[in-house]
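Listing of target.txt, compact mmCIF, C-alpha atoms
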```txt
# COMPACT_ATOMS: atom_id res chain seq x y z
CA MET A 1 0.00 0.00 0.00
CA LEU A 2 2.84 2.34 0.87
CA VAL A 3 4.44 1.71 -2.52
CA GLU A 4 1.28 2.76 -4.34
CA VAL A 5 0.91 5.92 -2.27
CA LEU A 6 4.56 6.82 -2.88
CA PHE A 7 4.15 6.13 -6.60
CA TRP A 8 1.19 8.47 -6.91
CA VAL A 9 2.91 11.15 -4.83
CA PHE A 10 6.03 11.01 -7.00
CA ALA A 11 4.00 10.77 -10.21
CA SER A 12 2.02 13.88 -9.32
CA ILE A 13 5.16 15.80 -8.39
CA LEU A 14 6.71 14.69 -11.69
CA THR A 15 3.72 15.80 -13.74
CA VAL A 16 3.33 19.13 -11.99
CA SER A 17 7.02 19.96 -12.22
CA ALA A 18 7.10 19.00 -15.91
CA LEU A 19 4.10 21.25 -16.54
CA ALA A 20 5.75 24.06 -14.61
CA MET A 21 8.99 23.53 -16.54
CA ILE A 22 7.40 24.27 -19.90
CA THR A 23 5.42 27.26 -18.65
CA VAL A 24 7.68 29.28 -16.33
CA ARG A 25 9.27 32.34 -17.89
CA ASN A 26 12.74 32.12 -16.41
CA PRO A 27 15.04 29.52 -18.06
CA VAL A 28 16.93 29.01 -14.78
CA HIS A 29 13.68 28.02 -13.06
CA SER A 30 12.97 25.71 -15.98
CA ALA A 31 16.29 23.96 -15.56
CA LEU A 32 15.78 23.56 -11.82
CA LEU A 33 12.29 22.15 -12.36
CA LEU A 34 13.75 19.68 -14.85
CA VAL A 35 16.18 18.63 -12.10
CA LEU A 36 13.14 17.99 -9.89
CA CYS A 37 11.64 15.90 -12.70
CA PHE A 38 14.78 13.78 -12.85
CA PHE A 39 14.83 13.31 -9.06
CA THR A 40 11.21 12.15 -8.93
CA SER A 41 11.74 9.87 -11.94
CA ALA A 42 14.69 8.31 -10.16
CA ALA A 43 12.48 7.79 -7.11
CA ILE A 44 9.87 6.01 -9.25
CA TRP A 45 12.57 3.85 -10.82
CA LEU A 46 13.70 2.95 -7.33
CA LEU A 47 10.12 1.97 -6.48
CA ILE A 48 9.97 -0.43 -9.42
CA GLU A 49 13.41 -1.79 -8.42
CA ALA A 50 15.57 -0.50 -11.23
CA GLU A 51 18.09 0.80 -8.71
CA PHE A 52 21.19 1.13 -10.86
CA LEU A 53 19.45 3.21 -13.51
CA ALA A 54 17.93 5.44 -10.84
CA VAL A 55 21.37 6.18 -9.43
CA VAL A 56 22.79 6.68 -12.93
CA LEU A 57 19.95 9.05 -13.75
CA ILE A 58 20.78 11.24 -10.78
CA LEU A 59 24.56 11.05 -11.27
CA VAL A 60 24.59 11.62 -15.02
CA TYR A 61 21.62 13.88 -15.54
CA VAL A 62 21.45 15.95 -12.38
CA GLY A 63 25.19 15.84 -11.80
CA ALA A 64 26.43 16.47 -15.32
CA VAL A 65 23.85 17.35 -17.94
CA MET A 66 21.69 19.71 -15.92
CA VAL A 67 24.74 21.45 -14.47
CA LEU A 68 25.83 22.01 -18.07
CA PHE A 69 22.40 23.40 -18.90
CA LEU A 70 22.44 25.73 -15.90
CA PHE A 71 25.96 26.85 -16.82
CA VAL A 72 24.91 27.70 -20.37
CA VAL A 73 21.69 29.40 -19.25
CA MET A 74 23.58 31.57 -16.80
CA MET A 75 26.48 32.27 -19.18
CA LEU A 76 24.32 33.58 -22.00
CA ASP A 77 22.33 36.67 -21.12
CA ILE A 78 19.01 35.92 -22.73
CA LYS A 79 16.29 38.47 -22.94
CA VAL A 80 13.43 36.49 -21.43
CA GLU A 81 10.74 38.91 -22.56
CA GLU A 82 12.01 38.90 -26.12
CA VAL A 83 12.09 35.13 -26.34
CA ARG A 84 8.76 34.65 -24.67
CA ALA A 85 6.84 37.13 -26.79
CA ARG A 86 3.74 35.86 -28.62
CA VAL A 87 3.69 32.72 -26.53
CA THR A 88 -0.05 32.15 -26.62
CA ARG A 89 -0.18 31.74 -30.39
CA TYR A 90 1.24 28.23 -30.24
CA ALA A 91 0.10 27.27 -26.74
CA LEU A 92 -3.37 26.21 -27.87
CA PHE A 93 -2.00 24.10 -30.71
CA GLY A 94 0.53 22.50 -28.38
CA ALA A 95 -2.17 21.67 -25.85
CA ILE A 96 -4.32 20.08 -28.56
CA VAL A 97 -1.43 17.92 -29.80
CA ALA A 98 -0.57 16.89 -26.23
CA GLY A 99 -4.18 16.04 -25.49
CA VAL A 100 -4.43 13.90 -28.63
CA VAL A 101 -1.23 12.04 -27.76
CA VAL A 102 -2.37 11.33 -24.20
CA PHE A 103 -5.84 10.28 -25.36
CA GLU A 104 -4.45 7.86 -27.93
CA ILE A 105 -1.93 6.22 -25.61
CA VAL A 106 -4.33 6.01 -22.69
CA SER A 107 -7.03 4.52 -24.91
CA VAL A 108 -4.60 1.84 -26.06
CA VAL A 109 -3.07 1.15 -22.67
CA TRP A 110 -6.05 1.50 -20.38
CA THR A 111 -9.19 0.50 -22.23
CA ARG A 112 -7.96 -2.09 -24.71
CA GLY A 113 -5.61 -3.56 -22.17
CA SER A 114 -8.17 -3.84 -19.39
CA GLY A 115 -8.10 -7.26 -17.84
CA ALA A 116 -5.23 -8.22 -20.11
CA GLU A 117 -1.65 -8.46 -19.03
CA VAL A 118 -0.92 -4.72 -19.26
CA GLY A 119 -2.87 -4.29 -16.04
CA ALA A 120 -0.69 -6.80 -14.26
CA VAL A 121 1.51 -5.78 -11.40
CA VAL A 122 5.26 -5.38 -11.66
CA LYS A 123 6.48 -8.30 -9.59
CA ALA A 124 9.05 -7.82 -6.87
CA THR A 125 12.49 -9.27 -7.46
CA PRO A 126 13.53 -12.25 -5.30
CA ALA A 127 15.63 -11.69 -2.21
CA GLY A 128 19.35 -11.36 -2.86
CA TYR A 129 18.82 -10.18 -6.42
CA SER A 130 21.22 -7.45 -7.43
CA ASN A 131 20.07 -5.24 -10.27
CA THR A 132 23.54 -3.75 -10.69
CA ALA A 133 25.26 -7.13 -10.86
CA GLU A 134 22.82 -8.47 -13.46
CA LEU A 135 23.16 -5.33 -15.56
CA GLY A 136 26.93 -5.49 -15.31
CA LYS A 137 27.04 -9.14 -16.37
CA LEU A 138 25.02 -8.34 -19.46
CA LEU A 139 26.82 -5.10 -20.24
CA TYR A 140 30.33 -6.55 -20.14
CA THR A 141 29.57 -9.78 -22.01
CA GLU A 142 26.78 -9.54 -24.52
CA TYR A 143 26.80 -5.77 -24.97
CA VAL A 144 30.53 -5.16 -24.72
CA TYR A 145 30.84 -3.96 -28.32
CA PRO A 146 28.02 -1.38 -28.01
CA PHE A 147 29.55 -0.41 -24.67
CA GLU A 148 32.87 0.39 -26.35
CA LEU A 149 31.03 2.28 -29.08
CA ALA A 150 29.25 4.33 -26.42
CA ALA A 151 32.62 5.18 -24.88
CA VAL A 152 33.93 6.30 -28.27
CA LEU A 153 30.78 8.35 -28.78
CA LEU A 154 31.35 10.15 -25.49
CA LEU A 155 34.95 10.85 -26.51
CA VAL A 156 33.74 12.28 -29.82
CA ALA A 157 31.26 14.42 -27.90
CA ILE A 158 34.02 15.75 -25.65
CA VAL A 159 36.28 16.61 -28.58
CA ALA A 160 33.43 18.17 -30.55
CA ALA A 161 32.18 20.28 -27.64
CA ILE A 162 35.67 21.58 -26.83
CA SER A 163 36.64 22.29 -30.41
CA LEU A 164 33.34 24.07 -31.05
CA THR A 165 33.53 26.37 -28.06
CA MET A 166 37.27 27.09 -28.02
CA ARG A 167 38.05 30.46 -29.52
CA LYS A 168 41.09 32.58 -30.25
CA ARG A 169 41.01 35.85 -28.35
CA ALA A 170 42.51 38.93 -30.01
CA GLY A 171 45.57 40.42 -28.35
CA LEU A 172 46.51 37.25 -26.56
CA LYS A 173 50.25 36.49 -26.51
CA LEU A 174 50.84 32.85 -27.26
CA GLN A 175 53.85 30.69 -28.00
CA ASN A 176 54.20 29.18 -31.45
CA ILE A 177 55.13 25.66 -30.38
CA SER A 178 56.15 24.38 -33.80
CA MET A 179 58.49 27.31 -34.37
CA GLN A 180 59.98 26.78 -30.92
CA VAL A 181 60.63 23.14 -31.63
CA ALA A 182 62.02 23.76 -35.10
CA VAL A 183 64.63 26.29 -34.00
CA ARG A 184 68.30 25.30 -34.30
CA SER A 185 71.32 26.56 -32.41
CA GLN A 186 72.87 27.87 -35.62
CA ASP A 187 69.98 30.34 -35.95
CA ARG A 188 70.42 31.78 -32.50
CA VAL A 189 74.16 31.82 -31.69
CA ARG A 190 76.86 33.04 -34.01
CA ILE A 191 80.42 32.03 -33.08
CA ILE A 192 83.05 34.30 -34.50
CA LYS A 193 86.70 33.55 -34.48
CA MET A 194 88.73 36.68 -33.80
CA ALA A 195 92.10 37.65 -32.61
CA ALA A 196 92.59 38.66 -28.98
CA GLU A 197 92.57 42.42 -28.59
CA GLY A 198 94.85 44.57 -26.55
CA SER A 199 98.30 43.84 -25.23
CA GLY A 200 97.16 42.91 -21.74
CA ALA A 201 99.03 45.69 -19.96
CA ASN A 202 96.21 48.22 -20.12
CA ALA A 203 93.34 45.85 -19.53
CA PRO A 204 92.02 46.01 -15.97
CA GLN A 205 92.40 42.47 -14.63
CA SER A 206 90.07 42.87 -11.67
CA GLN A 207 87.03 43.92 -13.74
CA SER A 208 87.26 41.20 -16.38
CA PRO A 209 84.15 38.97 -16.27
CA GLU A 210 84.79 35.46 -15.15
CA LYS A 211 83.95 32.77 -17.63
CA GLY A 212 81.85 29.89 -16.43
CA PRO A 213 82.89 26.33 -17.00
CA MET B 1 2.06 -3.07 -6.19
CA ILE B 2 2.64 -0.73 -9.09
CA ARG B 3 0.79 -1.71 -12.24
CA LEU B 4 2.29 -1.57 -15.70
CA ASN B 5 -0.40 0.66 -17.16
CA TRP B 6 0.14 3.30 -14.46
CA LEU B 7 3.73 3.58 -15.63
CA LEU B 8 2.74 3.64 -19.30
CA VAL B 9 0.17 6.37 -18.72
CA LEU B 10 2.65 8.38 -16.66
CA SER B 11 5.24 8.16 -19.43
CA SER B 12 2.68 9.14 -22.06
CA VAL B 13 1.71 12.17 -19.97
CA LEU B 14 5.38 13.14 -19.73
CA PHE B 15 5.76 12.66 -23.48
CA ALA B 16 2.75 14.86 -24.17
CA ILE B 17 3.97 17.56 -21.79
CA SER B 18 7.33 17.69 -23.52
CA VAL B 19 5.73 17.81 -26.99
CA ALA B 20 3.49 20.64 -25.80
CA GLY B 21 6.56 22.34 -24.37
CA MET B 22 8.19 22.26 -27.79
CA PHE B 23 5.18 24.09 -29.22
CA ILE B 24 4.97 26.61 -26.39
CA ASN B 25 8.70 27.39 -26.16
CA ARG B 26 9.41 27.15 -29.85
CA LYS B 27 11.57 30.26 -29.81
CA ASN B 28 13.94 29.47 -26.98
CA LEU B 29 16.55 26.95 -28.13
CA ILE B 30 17.63 26.05 -24.58
CA LEU B 31 14.09 25.14 -23.58
CA LEU B 32 13.73 23.07 -26.74
CA LEU B 33 16.81 21.07 -25.70
CA MET B 34 15.35 20.62 -22.21
CA CYS B 35 12.10 19.36 -23.72
CA VAL B 36 14.11 16.83 -25.74
CA GLU B 37 15.66 15.62 -22.49
CA LEU B 38 12.21 15.20 -20.95
CA LEU B 39 11.07 13.33 -24.07
CA LEU B 40 13.96 10.89 -23.79
CA LEU B 41 13.15 10.44 -20.10
CA SER B 42 9.58 9.45 -20.94
CA ALA B 43 10.87 6.94 -23.52
CA ASN B 44 13.22 5.53 -20.88
CA PHE B 45 10.24 5.16 -18.55
CA ASN B 46 8.67 2.74 -21.02
CA PHE B 47 11.89 0.77 -21.34
CA VAL B 48 12.28 0.43 -17.58
CA ALA B 49 8.61 -0.42 -17.04
CA PHE B 50 8.56 -3.21 -19.62
CA SER B 51 11.97 -4.44 -18.54
CA ARG B 52 10.75 -4.85 -14.97
CA PHE B 53 7.39 -6.25 -16.00
CA LEU B 54 8.50 -9.00 -18.37
CA PRO B 55 11.10 -9.40 -16.56
CA ASP B 56 13.89 -8.97 -19.08
CA ILE B 57 16.93 -6.94 -18.11
CA HIS B 58 17.94 -6.16 -21.71
CA GLY B 59 15.59 -3.20 -21.63
CA GLN B 60 17.58 -1.61 -18.83
CA VAL B 61 20.80 -2.03 -20.83
CA PHE B 62 19.07 -0.12 -23.60
CA VAL B 63 18.17 2.68 -21.18
CA PHE B 64 21.85 2.85 -20.28
CA PHE B 65 22.77 3.48 -23.91
CA VAL B 66 19.97 5.97 -24.39
CA LEU B 67 21.29 7.93 -21.39
CA THR B 68 24.78 7.91 -22.91
CA VAL B 69 23.62 9.16 -26.27
CA ALA B 70 21.39 11.79 -24.67
CA ALA B 71 24.29 13.11 -22.61
CA ALA B 72 26.48 13.37 -25.72
CA GLU B 73 23.65 15.01 -27.64
CA SER B 74 23.00 17.66 -25.01
CA ALA B 75 26.73 18.42 -24.65
CA ILE B 76 27.16 19.00 -28.39
CA GLY B 77 23.83 20.81 -28.62
CA LEU B 78 24.81 23.24 -25.89
CA ALA B 79 28.22 23.77 -27.51
CA ILE B 80 26.53 24.64 -30.79
CA LEU B 81 24.19 26.92 -28.84
CA VAL B 82 27.11 28.77 -27.27
CA VAL B 83 28.80 29.26 -30.66
CA LEU B 84 25.50 30.43 -32.13
CA PHE B 85 24.96 32.94 -29.34
CA ARG B 86 28.49 34.27 -29.83
CA GLU B 87 27.86 34.82 -33.54
CA ARG B 88 24.31 36.15 -33.43
CA ARG B 89 23.78 37.41 -29.84
CA SER B 90 20.45 35.58 -29.92
CA ILE B 91 19.08 32.07 -29.44
CA ASN B 92 15.75 32.79 -31.02
CA VAL B 93 14.95 30.05 -33.52
CA GLU B 94 13.30 32.53 -35.86
CA ASP B 95 16.55 34.49 -36.21
CA LEU B 96 18.21 31.44 -37.74
CA SER B 97 16.81 31.87 -41.19
CA THR B 98 19.88 32.51 -43.33
CA LEU B 99 19.36 29.30 -45.28
CA LYS B 100 15.88 30.45 -46.25
CA GLY B 101 15.79 31.44 -49.92
```
Final structure tokens representation of the file:
Amino acid sequence: MLVEVLFWVFASILTVSALAMITVRNPVHSALLLVLCFFTSAAIWLLIEAEFLAVVLILVYVGAVMVLFLFVVMMLDIKVEEVRARVTRYALFGAIVAGVVVFEIVSVVWTRGSGAEVGAVVKATPAGYSNTAELGKLLYTEYVYPFELAAVLLLVAIVAAISLTMRKRAGLKLQNISMQVAVRSQDRVRIIKMAAEGSGANAPQSQSPEKGP
Amino acid sequence: MIRLNWLLVLSSVLFAISVAGMFINRKNLILLLMCVELLLLSANFNFVAFSRFLPDIHGQVFVFFVLTVAAAESAIGLAILVVLFRERRSINVEDLSTLKG
């Protein structure tokens, strides 16, 4: 009974915060409401015993992706009023599309599936079952090739994001590394053979610079 | 216990909210990216629900990959957004019409 109550509490928080996310005017508030959406989704995933993915959702999304979003939102100074002008023109159309989508899916899931197996409960896992261990076994054996591809994809994303946002500032003094490496001693030091000057009698011995070894 | 159709209806509501959000915020590129994240979350809800219901853990592996791709997508999308803002001083979608004939 407690699980059902918790599910409905989290589901209502999720729905309300998602609705608030698409309607608030400030993008920072939107990002924070999306963080709330991810937290409540993780709680629901914990309730249906998908523990590893719930933790990953919080670590990856709240810890990395949403921090990136907040960083970008705060870095760019966006005129909220300018962006949000004429908002009502599309709001009605959006609401109609959303209503149609919900009606279609609910009519399939709820009415046509009544009494059938879609209404069945999600069974609890047996005692001693580790979601993380099972996922790891599958991920590192059967899905090891897609796993490596995902790692490469993340590397590509890192390189692409850095190379897109890196810029050359004007007036910045930088070393030219290739010129530094390519320089030779012949270009810098010129050794000239010449005869010793002076007879030695007039030269002040005490002020002559000492040569290092 | 939690029923499968509760989860499916919840994910469809999330999906519809994010689609409506794309219509409502169709000028702000950052909010469009956030709506895409919410959309992927609702798709992941279906994967997790069916994976726990069947029970077949392959669905959760798929959610893992979807999370990876979504993280890469949002990182590159935000990088493009930053470059765009630097060039145009605007993230309004309607300002990005230079390819229009």
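Taking CA of Ala43 in chain A and CA of Ile58 in chain A as the two end points, the separation is 9.7 Å.
Here the question is which of B:Leu40, B:Ile24, B:Val13, B:Ile30 gets nearest to Thr68 in chain B using only C-alpha atoms, and that residue is B:Leu40.
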Inset, instruction - Pick out the chain B residues within 8 Å of chain A. Count all atoms listed in the file. Give them as a PyMOL selection string. - result: chain B and resi 1-5+8-10+12-14+16-25+27-28+30-31+34-35+38+48-49+52-53+57-58+60-61+63-65+67-69+71-76+78-80+82-83+85+90-92
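Of note, CA of Glu37 in chain B and CA of Ser17 in chain A are spaced 14.1 Å apart.
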Inset, instruction - Please indicate the distance in Å from CA of Ala54 in chain A to CA of Tyr140 in chain A, rounded to one decimal place. - result: 19.6 Å
Missing atoms in range 177-191 of chain A: fill them in up to N, CA and C atoms and send the result as a CSV table (one decimal), in the coordinates of the input.
```
chain,number,residue,atom,x,y,z
A,177,ILE,N,54.4,26.8,-30.8
A,177,ILE,CA,55.1,25.7,-30.4
A,177,ILE,C,56.0,25.1,-31.5
A,178,SER,N,55.4,25.0,-32.7
A,178,SER,CA,56.2,24.4,-33.8
A,178,SER,C,57.4,25.2,-34.2
A,179,MET,N,57.3,26.5,-34.1
A,179,MET,CA,58.5,27.3,-34.4
A,179,MET,C,59.5,27.1,-33.3
A,180,GLN,N,59.0,27.0,-32.0
A,180,GLN,CA,60.0,26.8,-30.9
A,180,GLN,C,60.7,25.5,-31.1
A,181,VAL,N,60.0,24.4,-31.5
A,181,VAL,CA,60.6,23.1,-31.6
A,181,VAL,C,61.6,23.1,-32.8
A,182,ALA,N,61.2,23.9,-33.9
A,182,ALA,CA,62.0,23.8,-35.1
A,182,ALA,C,63.3,24.6,-35.1
A,183,VAL,N,63.5,25.4,-34.0
A,183,VAL,CA,64.6,26.3,-34.0
A,183,VAL,C,65.9,25.5,-33.8
A,184,ARG,N,67.0,26.0,-34.4
A,184,ARG,CA,68.3,25.3,-34.3
A,184,ARG,C,69.3,26.3,-33.6
A,185,SER,N,70.4,25.7,-33.1
A,185,SER,CA,71.3,26.6,-32.4
A,185,SER,C,72.1,27.5,-33.4
A,186,GLN,N,72.2,27.0,-34.6
A,186,GLN,CA,72.9,27.9,-35.6
A,186,GLN,C,72.1,29.2,-35.9
A,187,ASP,N,70.8,29.1,-35.7
A,187,ASP,CA,70.0,30.3,-36.0
A,187,ASP,C,70.1,31.4,-34.8
A,188,ARG,N,70.5,30.9,-33.6
A,188,ARG,CA,70.4,31.8,-32.5
A,188,ARG,C,71.8,32.3,-32.1
A,189,VAL,N,72.8,31.5,-32.2
A,189,VAL,CA,74.2,31.8,-31.7
A,189,VAL,C,75.1,31.9,-32.9
A,190,ARG,N,75.9,32.9,-32.9
A,190,ARG,CA,76.9,33.0,-34.0
A,190,ARG,C,78.2,33.1,-33.3
A,191,ILE,N,79.1,32.1,-33.7
A,191,ILE,CA,80.4,32.0,-33.1
A,191,ILE,C,81.4,32.6,-34.1
```
